[in-house]
>>> print(open('start.txt').read())   # compact mmCIF, C-alpha atoms
# COMPACT_ATOMS: atom_id res chain seq x y z
CA MET A 100 21.75 -4.50 -24.54
CA LYS A 101 23.66 -3.21 -21.55
CA ILE A 102 22.23 -0.99 -18.82
CA ILE A 103 23.36 0.10 -15.36
CA CYS A 104 20.82 1.00 -12.67
CA SER A 105 20.86 1.37 -8.91
CA LYS A 106 19.25 -1.47 -6.98
CA ALA A 107 16.76 0.97 -5.40
CA ASP A 108 15.53 2.20 -8.80
CA LEU A 109 15.27 -1.34 -10.19
CA VAL A 110 13.35 -2.62 -7.16
CA LYS A 111 10.94 0.34 -7.37
CA SER A 112 10.28 -0.24 -11.08
CA VAL A 113 10.01 -4.04 -10.83
CA THR A 114 7.57 -3.72 -7.92
CA ILE A 115 5.32 -1.54 -10.09
CA ALA A 116 5.64 -3.55 -13.32
CA ILE A 117 5.13 -7.00 -11.83
CA ARG A 118 1.56 -6.08 -10.83
CA ALA A 119 0.43 -6.72 -14.43
CA VAL A 120 2.12 -10.12 -14.73
CA PRO A 121 -0.45 -12.97 -14.77
CA VAL A 122 0.04 -15.86 -12.34
CA HIS A 123 -1.47 -18.35 -14.78
CA THR A 124 -1.55 -17.92 -18.56
CA THR A 125 -1.48 -19.99 -21.74
CA MET A 126 0.99 -17.44 -23.15
CA PRO A 127 4.31 -17.83 -21.25
CA ILE A 128 5.69 -14.62 -22.81
CA LEU A 129 3.18 -12.66 -20.70
CA GLN A 130 4.95 -13.86 -17.55
CA CYS A 131 7.91 -11.76 -18.62
CA ILE A 132 8.94 -8.15 -18.09
CA LEU A 133 9.87 -6.49 -21.36
CA ILE A 134 12.99 -4.33 -20.91
CA GLU A 135 13.58 -1.72 -23.61
CA ALA A 136 16.66 0.51 -23.65
CA LYS A 137 16.30 2.98 -26.52
CA ASN A 138 16.88 6.67 -27.21
CA GLY A 139 18.18 7.34 -23.71
CA ASP A 140 15.12 5.80 -22.09
CA ILE A 141 14.80 2.53 -20.11
CA ARG A 142 11.28 1.10 -19.88
CA PHE A 143 9.75 -1.93 -18.20
CA THR A 144 6.47 -3.18 -19.69
CA THR A 145 4.11 -5.93 -18.50
CA ASN A 146 0.78 -7.01 -19.93
CA ASP A 147 -1.79 -9.62 -18.91
CA MET A 148 -4.11 -8.58 -21.81
CA ASP A 149 -6.55 -6.91 -19.39
CA LEU A 150 -4.10 -4.78 -17.44
CA GLY A 151 -0.89 -3.30 -18.82
CA ILE A 152 1.85 -1.30 -17.09
CA GLU A 153 4.72 0.70 -18.56
CA THR A 154 7.19 2.35 -16.19
CA HIS A 155 10.34 4.36 -16.86
CA VAL A 156 13.53 3.39 -15.05
CA LYS A 157 16.43 5.65 -14.10
CA GLY A 158 19.77 4.35 -15.34
CA ILE A 159 22.61 4.47 -17.86
CA ILE A 160 22.34 2.85 -21.31
CA GLU A 161 25.71 1.58 -22.53
CA GLU A 162 24.18 -0.48 -25.32
CA GLU A 163 20.64 -0.23 -26.67
CA GLY A 164 18.42 -3.30 -26.95
CA VAL A 165 15.23 -5.15 -26.05
CA ILE A 166 14.79 -8.32 -24.00
CA ALA A 167 11.95 -10.20 -22.28
CA ILE A 168 12.89 -11.72 -18.89
CA GLU A 169 10.78 -14.05 -16.74
CA ALA A 170 9.33 -11.56 -14.24
CA LYS A 171 9.36 -13.50 -10.98
CA MET A 172 12.92 -14.76 -11.40
CA PHE A 173 14.14 -11.29 -12.40
CA SER A 174 12.37 -9.70 -9.41
CA ASP A 175 13.75 -12.27 -6.96
CA ILE A 176 17.32 -11.80 -8.21
CA ILE A 177 17.17 -7.99 -8.08
CA ARG A 178 15.77 -7.96 -4.53
CA LYS A 179 18.48 -10.30 -3.20
CA LEU A 180 21.44 -8.40 -4.69
CA PRO A 181 23.57 -5.98 -2.60
CA ASP A 182 22.53 -2.32 -2.35
CA SER A 183 24.69 -1.13 -5.22
CA ASP A 184 24.64 -0.49 -8.96
CA ILE A 185 23.41 -3.43 -11.03
CA THR A 186 24.49 -4.15 -14.60
CA ILE A 187 22.13 -6.03 -16.93
CA SER A 188 23.53 -7.18 -20.27
CA THR A 189 22.33 -9.50 -23.03
CA ASP A 190 23.87 -11.24 -26.02
CA GLU A 191 22.56 -12.30 -29.44
CA ARG A 192 21.26 -15.60 -27.97
CA PHE A 193 19.06 -13.70 -25.46
CA THR A 194 21.24 -14.79 -22.55
CA VAL A 195 20.94 -12.28 -19.70
CA THR A 196 23.85 -11.56 -17.36
CA ILE A 197 23.09 -9.66 -14.15
CA THR A 198 26.07 -8.48 -12.08
CA CYS A 199 26.35 -6.51 -8.85
CA GLN A 200 29.62 -6.16 -6.97
CA LYS A 201 30.95 -9.76 -6.85
CA ALA A 202 27.59 -11.43 -7.58
CA LYS A 203 26.83 -12.69 -11.10
CA PHE A 204 23.65 -14.34 -12.41
CA VAL A 205 23.16 -15.77 -15.89
CA ILE A 206 19.59 -16.59 -16.99
CA GLY A 207 17.78 -17.16 -20.27
CA GLY A 208 15.73 -14.40 -21.81
CA GLN A 209 13.41 -14.24 -24.82
CA SER A 210 13.14 -12.10 -27.89
CA GLY A 211 11.24 -8.90 -27.20
CA ASP A 212 9.55 -9.27 -30.59
CA GLU A 213 7.31 -12.00 -29.15
CA PHE A 214 5.95 -9.75 -26.39
CA THR A 215 2.41 -8.39 -26.81
CA ALA A 216 2.73 -4.60 -26.88
CA LEU A 217 0.27 -2.39 -25.03
CA PRO A 218 -2.47 -1.01 -27.28
CA SER A 219 -1.93 2.61 -28.28
CA ILE A 220 -4.80 4.88 -27.28
CA GLU A 221 -5.84 8.39 -28.20
CA ARG A 222 -4.83 10.83 -25.45
CA GLU A 223 -7.67 13.25 -25.95
CA GLU A 224 -9.99 13.97 -23.04
CA SER A 225 -8.65 13.52 -19.54
CA ILE A 226 -9.16 14.57 -15.94
CA THR A 227 -6.44 15.29 -13.39
CA LEU A 228 -6.64 14.31 -9.72
CA SER A 229 -4.16 14.29 -6.89
CA GLN A 230 -2.84 10.79 -6.23
CA TYR A 231 -4.09 11.21 -2.66
CA THR A 232 -7.65 11.78 -3.89
CA LEU A 233 -7.72 8.87 -6.33
CA LYS A 234 -6.18 6.49 -3.80
CA SER A 235 -8.75 7.57 -1.20
CA VAL A 236 -11.65 7.17 -3.63
CA ILE A 237 -10.56 3.63 -4.53
CA VAL A 238 -9.94 2.55 -0.92
CA GLN A 239 -13.30 4.01 0.14
CA THR A 240 -15.29 2.06 -2.46
CA ILE A 241 -13.38 -1.06 -3.53
CA PHE A 242 -14.44 -3.16 -0.54
CA SER A 243 -18.02 -3.42 -1.80
CA ILE A 244 -17.37 -4.92 -5.22
CA ALA A 245 -18.36 -8.55 -5.73
CA THR A 246 -15.50 -11.05 -5.68
CA GLY A 247 -17.22 -13.84 -7.61
CA GLU A 248 -18.00 -13.98 -11.30
CA ALA A 249 -21.78 -14.28 -10.86
CA ASN A 250 -22.23 -10.82 -12.36
CA LYS A 251 -19.16 -9.43 -14.14
CA MET A 252 -20.30 -5.82 -13.75
CA MET A 253 -20.33 -6.20 -9.96
CA THR A 254 -16.60 -7.04 -10.07
CA GLY A 255 -15.91 -3.51 -11.37
CA GLU A 256 -16.58 0.05 -10.33
CA LEU A 257 -18.57 2.71 -12.12
CA PHE A 258 -16.52 5.78 -13.10
CA GLU A 259 -18.98 8.47 -14.16
CA ILE A 260 -18.15 12.04 -15.14
CA ARG A 261 -21.08 14.42 -15.25
CA ASP A 262 -21.83 18.03 -14.27
CA GLY A 263 -18.25 18.70 -13.17
CA TYR A 264 -18.00 15.71 -10.84
CA LEU A 265 -16.36 12.30 -10.89
CA LYS A 266 -18.60 9.72 -9.24
CA VAL A 267 -17.20 6.30 -8.37
CA ALA A 268 -19.64 3.59 -7.29
CA SER A 269 -19.48 -0.11 -6.39
CA LEU A 270 -22.02 -2.67 -5.23
CA ASP A 271 -22.23 -6.38 -4.44
CA GLY A 272 -25.95 -6.97 -3.89
CA HIS A 273 -25.82 -6.24 -0.14
CA ARG A 274 -24.43 -2.71 -0.12
CA ILE A 275 -23.47 0.25 -2.29
CA SER A 276 -20.48 2.59 -1.90
CA ILE A 277 -20.34 5.96 -3.66
CA ARG A 278 -17.69 8.69 -3.65
CA ARG A 279 -18.11 12.00 -5.42
CA VAL A 280 -15.22 14.35 -6.28
CA GLU A 281 -15.49 17.83 -7.78
CA LEU A 282 -13.29 18.27 -10.84
CA LYS A 283 -11.13 21.32 -11.48
CA GLU A 284 -11.31 21.17 -15.28
CA GLU A 285 -14.05 20.65 -17.83
CA CYS A 286 -14.47 17.23 -19.40
CA GLY A 287 -17.07 15.47 -21.51
CA GLU A 288 -19.52 13.00 -19.98
CA TYR A 289 -18.32 9.43 -19.46
CA ARG A 290 -19.80 6.36 -17.84
CA VAL A 291 -17.49 3.33 -17.80
CA ILE A 292 -16.92 0.21 -15.67
CA VAL A 293 -13.33 -0.26 -14.47
CA PRO A 294 -12.32 -3.75 -13.26
CA GLY A 295 -11.80 -3.97 -9.51
CA LYS A 296 -8.59 -5.93 -10.05
CA ALA A 297 -7.06 -3.03 -11.99
CA LEU A 298 -8.13 -0.49 -9.37
CA ASN A 299 -6.63 -2.61 -6.59
CA GLU A 300 -3.28 -2.63 -8.37
CA ILE A 301 -3.44 1.08 -9.21
CA SER A 302 -4.15 1.98 -5.57
CA LYS A 303 -0.93 0.19 -4.58
CA ILE A 304 1.11 2.11 -7.17
CA LEU A 305 -0.29 5.56 -6.25
CA SER A 306 1.92 7.50 -3.85
CA GLY A 307 -1.01 8.86 -1.88
CA GLU A 308 0.64 12.30 -1.83
CA MET A 309 -1.48 15.42 -2.36
CA ASP A 310 1.23 17.08 -4.49
CA ASP A 311 1.53 14.13 -6.91
CA THR A 312 -1.02 14.04 -9.72
CA VAL A 313 -2.53 11.39 -11.96
CA ARG A 314 -4.20 11.98 -15.33
CA ILE A 315 -7.05 9.68 -16.33
CA PHE A 316 -7.76 9.21 -20.05
CA PHE A 317 -10.96 7.67 -21.39
CA ALA A 318 -10.38 5.92 -24.71
CA GLY A 319 -12.94 3.54 -26.20
CA SER A 320 -12.62 0.15 -24.54
CA HIS A 321 -9.75 1.26 -22.26
CA ILE A 322 -8.99 3.65 -19.42
CA MET A 323 -5.46 4.91 -18.82
CA PHE A 324 -3.93 6.26 -15.62
CA GLU A 325 -0.80 8.35 -16.22
CA LEU A 326 1.55 9.00 -13.31
CA GLU A 327 4.91 10.77 -13.45
CA ASP A 328 6.98 7.77 -14.60
CA THR A 329 4.28 5.13 -15.13
CA ILE A 330 1.19 4.48 -17.20
CA VAL A 331 -1.41 1.87 -16.25
CA LEU A 332 -3.77 0.79 -19.01
CA SER A 333 -6.87 -1.25 -18.21
CA ARG A 334 -9.49 -2.83 -20.41
CA LEU A 335 -13.01 -1.77 -19.41
CA ILE A 336 -15.89 -4.12 -18.57
CA ASP A 337 -18.52 -4.12 -21.31
CA GLY A 338 -22.13 -3.40 -20.42
CA GLU A 339 -24.38 -0.83 -18.82
CA TYR A 340 -23.84 -0.40 -15.07
CA PHE A 341 -26.72 -0.57 -12.64
CA GLY A 342 -28.91 2.50 -12.09
CA VAL A 343 -27.30 3.41 -8.79
CA ASP A 344 -29.08 6.77 -8.60
CA GLN A 345 -32.45 5.03 -8.65
CA MET A 346 -31.40 2.88 -5.68
CA ILE A 347 -30.51 5.91 -3.53
CA SER A 348 -33.35 7.54 -1.61
CA THR A 349 -33.47 10.84 0.26
CA ASP A 350 -36.50 9.77 2.32
CA TYR A 351 -36.06 8.83 5.95
CA GLU A 352 -38.15 8.29 9.06
CA THR A 353 -35.23 8.10 11.46
CA LYS A 354 -32.02 10.16 11.41
CA VAL A 355 -29.21 9.39 13.82
CA SER A 356 -25.93 11.27 14.38
CA VAL A 357 -23.27 9.34 16.26
CA ASN A 358 -19.53 9.41 16.93
CA LYS A 359 -17.99 7.21 14.24
CA ARG A 360 -15.10 5.89 16.31
CA GLU A 361 -17.39 4.91 19.20
CA LEU A 362 -19.83 3.13 16.88
CA LEU A 363 -17.03 1.31 15.03
CA SER A 364 -15.40 0.18 18.30
CA CYS A 365 -18.73 -1.07 19.62
CA ILE A 366 -19.49 -3.12 16.48
CA ASP A 367 -15.91 -4.44 16.50
CA ARG A 368 -16.44 -5.74 20.04
CA ALA A 369 -19.77 -7.29 19.08
CA SER A 370 -18.16 -9.07 16.11
CA LEU A 371 -16.19 -11.22 18.58
CA PHE A 372 -19.36 -13.28 18.81
CA VAL A 373 -19.74 -13.77 15.05
CA LYS A 374 -17.95 -16.69 13.42
CA GLU A 375 -16.85 -16.62 9.76
CA GLY A 376 -19.89 -17.27 7.60
CA ASP A 377 -22.31 -16.72 10.49
CA LYS A 378 -25.24 -14.48 9.56
CA LYS A 379 -26.00 -13.28 13.09
CA PRO A 380 -26.96 -9.58 12.85
CA ILE A 381 -26.05 -6.82 15.27
CA ILE A 382 -29.25 -5.11 16.43
CA PHE A 383 -29.49 -1.32 16.61
CA ASP A 384 -32.25 -0.31 19.05
CA ILE A 385 -32.62 3.43 18.48
CA GLY A 386 -34.33 5.50 21.17
CA ASP A 387 -34.64 9.22 21.86
CA ASP A 388 -31.06 10.04 22.88
CA SER A 389 -29.36 6.66 22.93
CA MET A 390 -28.79 3.68 20.68
CA LYS A 391 -28.46 0.23 22.20
CA LEU A 392 -26.42 -2.30 20.26
CA ASN A 393 -26.74 -5.97 21.04
CA ILE A 394 -25.78 -9.30 19.56
CA ASP A 395 -26.79 -12.75 20.74
CA SER A 396 -25.06 -15.82 19.31
CA PRO A 397 -24.29 -19.40 20.40
CA ILE A 398 -20.87 -18.14 21.54
CA GLY A 399 -22.23 -15.43 23.81
CA SER A 400 -23.93 -12.05 23.84
CA MET A 401 -23.06 -8.38 24.16
CA ASN A 402 -25.05 -5.26 24.96
CA GLU A 403 -23.77 -1.71 24.78
CA GLU A 404 -25.32 1.74 24.72
CA LEU A 405 -24.14 4.81 22.79
CA VAL A 406 -25.21 8.43 23.13
CA VAL A 407 -26.72 9.68 19.86
CA SER A 408 -28.66 12.60 18.45
CA LYS A 409 -31.91 11.37 16.88
CA GLU A 410 -34.62 12.89 14.72
CA GLY A 411 -37.84 11.03 13.86
CA LYS A 412 -39.15 7.66 14.97
CA ASN A 413 -37.64 5.08 17.29
CA LEU A 414 -36.45 2.05 15.35
CA MET A 415 -35.00 -1.43 15.79
CA ILE A 416 -32.93 -2.65 12.85
CA GLY A 417 -30.33 -5.40 12.26
CA PHE A 418 -27.15 -5.35 10.15
CA ASN A 419 -24.34 -7.65 9.11
CA PRO A 420 -21.55 -6.34 11.42
CA ARG A 421 -18.83 -6.68 8.77
CA TYR A 422 -20.73 -4.67 6.17
CA MET A 423 -21.30 -1.84 8.64
CA MET A 424 -17.67 -1.92 9.80
CA ASP A 425 -16.31 -1.87 6.24
CA ALA A 426 -18.09 1.42 5.58
CA LEU A 427 -17.23 3.01 8.94
CA LYS A 428 -13.51 2.19 8.57
CA VAL A 429 -13.11 4.29 5.43
CA ILE A 430 -15.15 7.32 6.53
CA GLU A 431 -12.86 10.06 7.81
CA ASP A 432 -15.50 12.23 9.54
CA GLU A 433 -15.62 12.28 13.34
CA MET A 434 -19.42 12.34 13.42
CA ILE A 435 -21.58 10.42 10.94
CA THR A 436 -25.28 10.44 10.11
CA LEU A 437 -27.43 7.36 9.46
CA TYR A 438 -30.72 7.69 7.58
CA MET A 439 -33.34 4.92 7.90
CA VAL A 440 -36.95 4.38 6.86
CA SER A 441 -37.84 1.03 8.48
CA SER A 442 -36.32 -2.21 9.72
CA LYS A 443 -36.67 -3.70 6.22
CA ALA A 444 -35.43 -0.75 4.11
CA PRO A 445 -31.79 0.16 3.37
CA CYS A 446 -29.81 2.33 5.75
CA PHE A 447 -27.84 5.23 4.26
CA ILE A 448 -24.71 6.80 5.70
CA ARG A 449 -23.84 10.07 3.99
CA ASP A 450 -22.44 13.54 4.60
CA GLU A 451 -24.34 16.74 3.88
CA GLU A 452 -22.31 17.50 0.73
CA GLU A 453 -22.85 13.90 -0.46
CA GLN A 454 -19.13 13.42 -1.04
CA TYR A 455 -19.74 9.89 0.20
CA THR A 456 -22.83 7.68 0.40
CA TYR A 457 -22.97 4.14 1.77
CA LEU A 458 -26.09 2.01 1.47
CA ILE A 459 -26.34 -1.11 3.64
CA LEU A 460 -29.22 -3.57 3.45
CA PRO A 461 -30.67 -4.64 6.80
CA VAL A 462 -30.79 -8.25 8.02
CA ASN A 463 -34.02 -9.82 9.22
CA PHE A 464 -34.07 -10.85 12.87
CA THR A 465 -36.48 -12.15 15.49
CA HIS A 466 -36.86 -10.68 18.95
>>> encode(input="start.txt", output="C-alpha cells")
Amino acid sequence: MKIICSKADLVKSVTIAIRAVPVHTTMPILQCILIEAKNGDIRFTTNDMDLGIETHVKGIIEEEGVIAIEAKMFSDIIRKLPDSDITISTDERFTVTITCQKAKFVIGGQSGDEFTALPSIEREESITLSQYTLKSVIVQTIFSIATGEANKMMTGELFEIRDGYLKVASLDGHRISIRRVELKEECGEYRVIVPGKALNEISKILSGEMDDTVRIFFAGSHIMFELEDTIVLSRLIDGEYFGVDQMISTDYETKVSVNKRELLSCIDRASLFVKEGDKKPIIFDIGDDSMKLNIDSPIGSMNEELVVSKEGKNLMIGFNPRYMMDALKVIEDEMITLYMVSSKAPCFIRDEEEQYTYLILPVNFTH
C-alpha cells in the first residue's frame, strides 16, 4: 500500500477515528486503526466492539492495500510531522514507512485480515437532523446520566421517536433531563437506549453547524450516525428504559419565573461554600415578588435576593447546587420557569413548548 495525504487531512481523520480505540483490551488488534486504500477510497476504521467509527480520508492512492497500525503511535507520529504532504507505505512484511519532507519513521504494522470489521446494518428507516441540533440535544442531556455501573440503563440515554418527535431523556436517580425535537420527515416508532459513552464521542465529532446534517439509522441492536465523511456505529443497551413520562407531572402549587443568568450566577457564588462531596443544599425561600437564596456551611454563609414573578404559594425548598447549575448552564432561554408542589416533591424547569424539561429532586434541610 502507498498513499499520500496532507497532514491536515490525516490529523482530522485520526482525531475522529481514535475515539473508538479502547484504552484497555484483551484483543491488541483493537488498539489499531485499520487503513484501507481501495477503489479510489481511503478509509480509517476503529472498533472497540461497542463503538465503531469509519471515516473517509482525502488523499492519493499510488498502491492499493490494507494495514492495521497501532493507533496511539500512528496518531502521535502524524501530529508531530511538519505541515506538509505525508506518504504512508507498507511492504509484504507489514512494515510501515511514514515520510514527510526529511522526516522518516518505520514502525511495525499488522495484517488487516485480523481486524474485527464493523457489523453491516440495514439502512432502512432513518431520521435527519442538523448537526447543530443533535450536538445541542446531547450536551443538554448527557450530564444527568449515571457514571457508575449500578444500573446499566442509567449510563445511557433514551432515544424515542413517536408522533413526529424525537425525545431524548437521561436520568441518574437525582434528576431527569429531557429534550424534544420536532422531526421534518415521517419515521416509524422507536424506543432505544444509546450508551452515554458513544454519545459523548459523537458530540465531539459533530461540527455543530446548522447547515451540516446527520442521518440516524435504527437497526436491531445498533444505532448508526452517518455524517458526510464518517459513520459512527454504536451497540445499544438492552432492556426497557424507565417510564420517564410517568415521573413527569404537570401539577404545581408554586410557579416562579426568573432570569436564568442571574439565578445561575447566584448559585455559582453560593457553591463557593460547598466542598466536593458535601451535601449542603442551597435554600430557595420563595416569596411574593422575590426569591431569597441562602447557604450555610462550616466554611461560611451567603444570602442573596432575586426579583422573580411568582404564582401560587410561598415555598421554602432546598437543592443540590451542582444539580441545579448543570441544568441552568445548558438552557438557552433568558427567562426560565420553575414549577414546584412542595419542599419534598421534585422541581421542574420547562418551557411552554416542552422542548426541554429538567426534573431535580429537592434535598431535605433543617431551619
>>> atom_distance(input="start.txt", atom1="CA of Lys428 (chain A)", atom2="CA of Gly411 (chain A)")
26.4 Å
>>> closest_residue(input="start.txt", among="A:Ile141, A:Ile103, A:Leu257, A:Leu458", to="Glu161 (chain A)", atoms="only C-alpha atoms")
A:Ile103
>>> atom_distance(input="start.txt", atom1="CA of Cys199 (chain A)", atom2="CA of Ala107 (chain A)")
12.6 Å
>>> atom_distance(input="start.txt", atom1="CA of Ala170 (chain A)", atom2="CA of Asn138 (chain A)")
23.6 Å
>>> closest_residue(input="start.txt", among="A:Phe204, A:Tyr438, A:Phe242, A:Tyr231", to="Glu410 (chain A)", atoms="only C-alpha atoms")
A:Tyr438
>>> closest_residue(input="start.txt", among="A:Gly208, A:Gly158, A:Gly139, A:Gly417", to="Leu460 (chain A)", atoms="only C-alpha atoms")
A:Gly417
>>> residues_near_point(input="start.txt", point="(-23.8, 6.6, 12.2)", cutoff="8 Å", atoms="all atoms listed in the file", output="list in words")
Val355, Ser356, Val357, Asn358, Lys359, Leu362, Met434, Ile435, Thr436, Leu437 and Ile448 of chain A
>>> residues_around(input="start.txt", residues="Arg178 (chain A)", least_positions_apart="2", cutoff="12 Å", atoms="only C-alpha atoms", output="list in words")
Ser105, Lys106, Ala107, Asp108, Leu109, Val110, Lys111, Ser112, Val113, Thr114, Lys171, Met172, Phe173, Ser174, Asp175, Ile176, Leu180, Pro181, Asp182, Ser183, Ile185 and Cys199 of chain A
>>> residues_around(input="start.txt", residues="His273 (chain A)", least_positions_apart="5", cutoff="10 Å", atoms="only C-alpha atoms", output="NGL selection string")
:A and (243-245 or 419 or 422 or 445 or 458-462)
>>> residues_around(input="start.txt", residues="region 251-255 of chain A", least_positions_apart="2", cutoff="8 Å", atoms="all atoms listed in the file", output="PyMOL selection string")
chain A and resi 244-249+257+269-271+292-296+336-338+340
>>> residues_around(input="start.txt", residues="Ile330 (chain A)", least_positions_apart="3", cutoff="10 Å", atoms="only C-alpha atoms", output="ChimeraX atom specification")
/A:116,144,151-155,301,313-315,323-327,333
>>> build_atoms(input="start.txt", residues="region 101-121 of chain A", atoms="N, CA and C atoms", output="short mmCIF file (atom, residue, chain, number, x, y, z; two decimals), in the coordinates of the input")
data_model
loop_
_atom_site.label_atom_id
_atom_site.label_comp_id
_atom_site.auth_asym_id
_atom_site.auth_seq_id
_atom_site.Cartn_x
_atom_site.Cartn_y
_atom_site.Cartn_z
N LYS A 101 22.94 -3.31 -22.81
CA LYS A 101 23.66 -3.21 -21.55
C LYS A 101 23.22 -1.95 -20.82
N ILE A 102 22.68 -2.14 -19.61
CA ILE A 102 22.23 -0.99 -18.82
C ILE A 102 22.77 -1.10 -17.40
N ILE A 103 22.92 0.05 -16.75
CA ILE A 103 23.36 0.10 -15.36
C ILE A 103 22.36 0.93 -14.57
N CYS A 104 21.81 0.33 -13.52
CA CYS A 104 20.82 1.00 -12.67
C CYS A 104 21.15 0.74 -11.21
N SER A 105 20.70 1.63 -10.34
CA SER A 105 20.86 1.37 -8.91
C SER A 105 19.85 0.31 -8.50
N LYS A 106 20.18 -0.45 -7.46
CA LYS A 106 19.25 -1.47 -6.98
C LYS A 106 17.93 -0.84 -6.58
N ALA A 107 17.98 0.32 -5.89
CA ALA A 107 16.76 0.97 -5.40
C ALA A 107 15.82 1.31 -6.56
N ASP A 108 16.37 1.85 -7.65
CA ASP A 108 15.53 2.20 -8.80
C ASP A 108 14.96 0.96 -9.47
N LEU A 109 15.76 -0.10 -9.57
CA LEU A 109 15.27 -1.34 -10.19
C LEU A 109 14.17 -1.97 -9.36
N VAL A 110 14.37 -2.02 -8.03
CA VAL A 110 13.35 -2.62 -7.16
C VAL A 110 12.04 -1.84 -7.25
N LYS A 111 12.14 -0.50 -7.26
CA LYS A 111 10.94 0.34 -7.37
C LYS A 111 10.18 0.04 -8.67
N SER A 112 10.92 -0.02 -9.77
CA SER A 112 10.28 -0.24 -11.08
C SER A 112 9.73 -1.66 -11.23
N VAL A 113 10.47 -2.65 -10.76
CA VAL A 113 10.01 -4.04 -10.83
C VAL A 113 8.76 -4.23 -9.99
N THR A 114 8.73 -3.61 -8.81
CA THR A 114 7.57 -3.72 -7.92
C THR A 114 6.31 -3.19 -8.60
N ILE A 115 6.46 -2.11 -9.36
CA ILE A 115 5.32 -1.54 -10.09
C ILE A 115 4.94 -2.45 -11.26
N ALA A 116 5.92 -2.81 -12.08
CA ALA A 116 5.64 -3.55 -13.32
C ALA A 116 5.06 -4.93 -13.06
N ILE A 117 5.52 -5.60 -12.03
CA ILE A 117 5.13 -7.00 -11.83
C ILE A 117 3.64 -7.15 -11.48
N ARG A 118 2.99 -6.03 -11.17
CA ARG A 118 1.56 -6.08 -10.83
C ARG A 118 0.68 -6.45 -12.03
N ALA A 119 1.21 -6.34 -13.24
CA ALA A 119 0.43 -6.72 -14.43
C ALA A 119 0.92 -8.03 -15.03
N VAL A 120 1.66 -8.81 -14.25
CA VAL A 120 2.12 -10.12 -14.73
C VAL A 120 1.13 -11.19 -14.27
N PRO A 121 0.53 -11.95 -15.18
CA PRO A 121 -0.45 -12.97 -14.77
C PRO A 121 0.22 -14.14 -14.05
#
